[in-house]
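Enquirer: Take this structure first; my questions come after.
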Amino acid sequence: MAIKFNDENLQQEIQSGKPVVVDCWAEWCGPCRMLAPIIDELAAEYEGKVVVGKYDIEQDGDFPMENGVRNIPTLLFFKGGVKVDKQVGYTSKDVLKAKIDALL
């Protein structure tokens, strides 16, 4: 299961140095809901290697503004505390796996 990120815990995870994948989403977003099971599957598959979590843009707001998130779903990929990749919109699990594998 994906972690629930918020403005308080997200920066700690990113600064930990571990690879981090952040799914910026909202409950009302259809493509976000379609992507949700894939995010949970990836969180389980990469458990212990990559931190995968969901950030609800309706509950918190600083992080998306700081990272230029203008559309959802947007997935942000961090390695060593630095944003290294971004995926905007719904995409396949294979595409996401390739992006996550590039973090390792």
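Every chain in the structure tokens takes a letter, A first, then B, and so on in the order presented; its residues are numbered from 1, and the ligands are numbered from 1 following the presented order.
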Residues at most 10 Å from A:Lys49, counting only C-alpha atoms, excluding those fewer than 4 positions away in the same chain, as a ChimeraX atom specification?
Expert: /A:18-20,43,45,100,103-104
Enquirer: Can you tell me, as a VMD selection string, which residues in chain A count as alpha helix (DSSP H) by DSSP?
Expert: chain A and resid 7 to 15 30 to 45 62 to 66 93 to 103
Enquirer: Emit the selected residues as a tab-separated table (two decimals), in the first residue's frame, including N, CA and C atoms.
Expert:
```
chain	number	residue	atom	x	y	z
A	7	ASP	N	2.45	17.58	3.72
A	7	ASP	CA	3.55	18.54	3.77
A	7	ASP	C	4.54	18.25	4.91
A	8	GLU	N	4.08	17.59	5.95
A	8	GLU	CA	4.95	17.32	7.09
A	8	GLU	C	5.89	16.15	6.86
A	9	ASN	N	5.39	15.03	6.33
A	9	ASN	CA	6.25	13.85	6.22
A	9	ASN	C	6.96	13.72	4.89
A	10	LEU	N	6.51	14.40	3.87
A	10	LEU	CA	7.09	14.22	2.53
A	10	LEU	C	8.53	14.70	2.45
A	11	GLN	N	8.81	15.86	2.98
A	11	GLN	CA	10.19	16.38	2.90
A	11	GLN	C	11.17	15.47	3.63
A	12	GLN	N	10.74	14.87	4.74
A	12	GLN	CA	11.61	13.94	5.46
A	12	GLN	C	11.97	12.75	4.58
A	13	GLU	N	10.97	12.20	3.89
A	13	GLU	CA	11.23	11.05	3.01
A	13	GLU	C	12.16	11.42	1.88
A	14	ILE	N	11.92	12.56	1.25
A	14	ILE	CA	12.76	12.98	0.12
A	14	ILE	C	14.19	13.21	0.58
A	15	GLN	N	14.37	13.85	1.74
A	15	GLN	CA	15.72	14.14	2.24
A	15	GLN	C	16.42	12.92	2.83
A	30	GLY	N	-10.75	11.48	-12.17
A	30	GLY	CA	-10.95	10.14	-12.74
A	30	GLY	C	-9.66	9.42	-13.09
A	31	PRO	N	-8.75	10.04	-13.85
A	31	PRO	CA	-7.49	9.37	-14.16
A	31	PRO	C	-6.67	9.03	-12.91
A	32	CYS	N	-6.79	9.87	-11.87
A	32	CYS	CA	-6.09	9.58	-10.61
A	32	CYS	C	-6.62	8.29	-9.98
A	33	ARG	N	-7.95	8.13	-10.00
A	33	ARG	CA	-8.56	6.93	-9.44
A	33	ARG	C	-8.18	5.70	-10.26
A	34	MET	N	-8.05	5.86	-11.58
A	34	MET	CA	-7.62	4.74	-12.43
A	34	MET	C	-6.18	4.33	-12.13
A	35	LEU	N	-5.36	5.31	-11.78
A	35	LEU	CA	-3.95	5.05	-11.50
A	35	LEU	C	-3.71	4.48	-10.10
A	36	ALA	N	-4.64	4.71	-9.18
A	36	ALA	CA	-4.47	4.33	-7.77
A	36	ALA	C	-4.08	2.86	-7.56
A	37	PRO	N	-4.75	1.89	-8.21
A	37	PRO	CA	-4.34	0.50	-7.97
A	37	PRO	C	-2.93	0.20	-8.47
A	38	ILE	N	-2.52	0.87	-9.54
A	38	ILE	CA	-1.16	0.68	-10.06
A	38	ILE	C	-0.15	1.21	-9.05
A	39	ILE	N	-0.43	2.36	-8.47
A	39	ILE	CA	0.47	2.94	-7.47
A	39	ILE	C	0.60	2.00	-6.28
A	40	ASP	N	-0.51	1.42	-5.81
A	40	ASP	CA	-0.44	0.47	-4.70
A	40	ASP	C	0.36	-0.77	-5.07
A	41	GLU	N	0.20	-1.27	-6.28
A	41	GLU	CA	0.97	-2.44	-6.73
A	41	GLU	C	2.46	-2.12	-6.76
A	42	LEU	N	2.81	-0.96	-7.28
A	42	LEU	CA	4.22	-0.56	-7.34
A	42	LEU	C	4.80	-0.38	-5.95
A	43	ALA	N	4.02	0.17	-5.03
A	43	ALA	CA	4.48	0.33	-3.65
A	43	ALA	C	4.81	-1.02	-3.04
A	44	ALA	N	3.99	-2.03	-3.31
A	44	ALA	CA	4.24	-3.37	-2.78
A	44	ALA	C	5.45	-4.01	-3.46
A	45	GLU	N	5.56	-3.86	-4.77
A	45	GLU	CA	6.66	-4.49	-5.52
A	45	GLU	C	8.02	-3.90	-5.15
A	62	ASP	N	1.40	23.00	-0.40
A	62	ASP	CA	2.70	23.61	-0.60
A	62	ASP	C	3.57	22.84	-1.59
A	63	PHE	N	3.64	21.55	-1.42
A	63	PHE	CA	4.52	20.73	-2.25
A	63	PHE	C	4.19	20.83	-3.74
A	64	PRO	N	2.93	20.70	-4.16
A	64	PRO	CA	2.65	20.80	-5.60
A	64	PRO	C	3.04	22.17	-6.17
A	65	MET	N	2.78	23.23	-5.44
A	65	MET	CA	3.14	24.56	-5.93
A	65	MET	C	4.65	24.70	-6.06
A	66	GLU	N	5.38	24.18	-5.09
A	66	GLU	CA	6.84	24.27	-5.11
A	66	GLU	C	7.44	23.47	-6.26
A	93	LYS	N	1.55	0.78	-16.23
A	93	LYS	CA	2.42	0.29	-15.17
A	93	LYS	C	3.84	0.07	-15.70
A	94	ASP	N	3.96	-0.42	-16.93
A	94	ASP	CA	5.28	-0.67	-17.50
A	94	ASP	C	6.11	0.61	-17.61
A	95	VAL	N	5.48	1.69	-18.03
A	95	VAL	CA	6.17	2.96	-18.13
A	95	VAL	C	6.65	3.41	-16.76
A	96	LEU	N	5.79	3.29	-15.76
A	96	LEU	CA	6.16	3.69	-14.41
A	96	LEU	C	7.26	2.82	-13.84
A	97	LYS	N	7.19	1.50	-14.11
A	97	LYS	CA	8.25	0.60	-13.64
A	97	LYS	C	9.59	0.99	-14.22
A	98	ALA	N	9.62	1.36	-15.50
A	98	ALA	CA	10.88	1.76	-16.13
A	98	ALA	C	11.44	3.01	-15.47
A	99	LYS	N	10.57	3.96	-15.14
A	99	LYS	CA	11.01	5.18	-14.47
A	99	LYS	C	11.53	4.88	-13.06
A	100	ILE	N	10.85	3.99	-12.36
A	100	ILE	CA	11.30	3.62	-11.01
A	100	ILE	C	12.61	2.85	-11.08
A	101	ASP	N	12.72	1.93	-12.03
A	101	ASP	CA	13.97	1.18	-12.17
A	101	ASP	C	15.16	2.10	-12.43
A	102	ALA	N	14.91	3.21	-13.12
A	102	ALA	CA	15.97	4.18	-13.38
A	102	ALA	C	16.46	4.86	-12.10
A	103	LEU	N	15.62	4.85	-11.06
A	103	LEU	CA	16.03	5.44	-9.77
A	103	LEU	C	16.98	4.54	-9.00
```
Enquirer: Compare A:Gly61, A:Gly89, A:Pro73, A:Gly68 by their minimum atom-to-atom distance to A:Glu27, counting only C-alpha atoms, and give me the closest one.
Expert: A:Pro73
Enquirer: To one decimal place in Å, what is the distance between atom CA of A:Glu58 and atom CA of A:Cys24?
Expert: 9.7 Å
Enquirer: Hey, which of A:Ser16, A:Val21, A:Ile3, A:Ile72 ends up closest to A:Asp85? Count only C-alpha atoms.
Expert: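 Checking each candidate against A:Asp85, we get A:Val21 as the closest.
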Enquirer: Using only C-alpha atoms, find the one residue out of A:Gly17, A:Tyr46, A:Lys4, A:Asp23 that sits nearest to A:Leu75.
Expert: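 Looking at the shortest contact to A:Leu75, the residue is A:Asp23.
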Enquirer: Going by DSSP on the backbone, which bits of chain A are strand (DSSP E)? Write them as a list in words, please.
Expert: Ile3, Lys4, Phe5, Val20, Val21, Val22, Asp23, Cys24, Trp25, Val51, Val52, Gly53, Lys54, Tyr55, Asp56, Thr74, Leu75, Leu76, Phe77, Phe78, Lys79, Val82, Lys83, Val84, Asp85, Lys86, Gln87 and Val88 of chain A
Enquirer: Could you write out the selected residues, including N, CA and C atoms, as a short mmCIF file (atom, residue, chain, number, x, y, z; two decimals), in the first residue's frame?
Expert:
```cif
data_model
loop_
_atom_site.label_atom_id
_atom_site.label_comp_id
_atom_site.auth_asym_id
_atom_site.auth_seq_id
_atom_site.Cartn_x
_atom_site.Cartn_y
_atom_site.Cartn_z
N ILE A 3 2.18 4.97 0.74
CA ILE A 3 2.19 5.85 1.91
C ILE A 3 1.32 7.07 1.60
N LYS A 4 0.69 7.63 2.62
CA LYS A 4 -0.03 8.89 2.45
C LYS A 4 0.93 10.01 2.83
N PHE A 5 1.33 10.76 1.82
CA PHE A 5 2.22 11.90 2.05
C PHE A 5 1.42 13.14 2.38
N VAL A 20 12.25 8.15 -4.08
CA VAL A 20 10.88 8.44 -3.69
C VAL A 20 10.05 8.73 -4.93
N VAL A 21 8.83 8.15 -4.97
CA VAL A 21 7.87 8.44 -6.02
C VAL A 21 6.64 9.06 -5.35
N VAL A 22 6.26 10.25 -5.82
CA VAL A 22 5.13 10.97 -5.25
C VAL A 22 4.03 11.08 -6.30
N ASP A 23 2.88 10.52 -6.00
CA ASP A 23 1.71 10.62 -6.87
C ASP A 23 0.84 11.76 -6.36
N CYS A 24 0.82 12.88 -7.10
CA CYS A 24 -0.03 14.02 -6.76
C CYS A 24 -1.40 13.77 -7.38
N TRP A 25 -2.43 13.71 -6.54
CA TRP A 25 -3.75 13.28 -7.00
C TRP A 25 -4.84 14.01 -6.21
N VAL A 51 10.42 4.40 -1.86
CA VAL A 51 9.26 4.87 -1.12
C VAL A 51 8.25 5.39 -2.14
N VAL A 52 7.08 4.77 -2.18
CA VAL A 52 6.02 5.16 -3.12
C VAL A 52 4.83 5.65 -2.31
N GLY A 53 4.37 6.87 -2.62
CA GLY A 53 3.26 7.41 -1.85
C GLY A 53 2.38 8.35 -2.65
N LYS A 54 1.26 8.68 -2.04
CA LYS A 54 0.25 9.53 -2.67
C LYS A 54 0.12 10.83 -1.87
N TYR A 55 0.03 11.93 -2.60
CA TYR A 55 -0.10 13.25 -2.00
C TYR A 55 -1.40 13.86 -2.50
N ASP A 56 -2.37 14.02 -1.60
CA ASP A 56 -3.67 14.58 -1.95
C ASP A 56 -3.55 16.10 -2.02
N THR A 74 0.02 13.76 -11.47
CA THR A 74 1.42 14.02 -11.77
C THR A 74 2.25 13.19 -10.80
N LEU A 75 3.17 12.42 -11.36
CA LEU A 75 4.09 11.64 -10.53
C LEU A 75 5.46 12.29 -10.60
N LEU A 76 6.06 12.50 -9.42
CA LEU A 76 7.38 13.09 -9.32
C LEU A 76 8.33 12.03 -8.77
N PHE A 77 9.52 11.95 -9.35
CA PHE A 77 10.50 10.94 -9.00
C PHE A 77 11.74 11.63 -8.41
N PHE A 78 12.12 11.23 -7.20
CA PHE A 78 13.25 11.83 -6.50
C PHE A 78 14.33 10.78 -6.24
N LYS A 79 15.57 11.21 -6.41
CA LYS A 79 16.72 10.35 -6.10
C LYS A 79 17.76 11.21 -5.40
N VAL A 82 16.77 14.88 -4.85
CA VAL A 82 16.62 15.77 -6.01
C VAL A 82 15.57 15.20 -6.96
N LYS A 83 14.71 16.07 -7.47
CA LYS A 83 13.72 15.63 -8.46
C LYS A 83 14.45 15.32 -9.76
N VAL A 84 14.27 14.08 -10.26
CA VAL A 84 14.98 13.65 -11.46
C VAL A 84 14.06 13.33 -12.62
N ASP A 85 12.74 13.18 -12.38
CA ASP A 85 11.82 12.84 -13.45
C ASP A 85 10.41 13.23 -13.06
N LYS A 86 9.54 13.27 -14.08
CA LYS A 86 8.15 13.68 -13.87
C LYS A 86 7.29 12.99 -14.91
N GLN A 87 6.11 12.53 -14.51
CA GLN A 87 5.14 11.93 -15.43
C GLN A 87 3.81 12.62 -15.19
N VAL A 88 3.26 13.25 -16.23
CA VAL A 88 1.98 13.94 -16.12
C VAL A 88 0.93 13.12 -16.85
#
```
Enquirer: Hey, which of A:Met1, A:Trp28, A:Gly80, A:Tyr90 ends up closest to A:Ile57? Count only C-alpha atoms.
Expert: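 For A:Ile57, the nearest of the given residues is A:Trp28.
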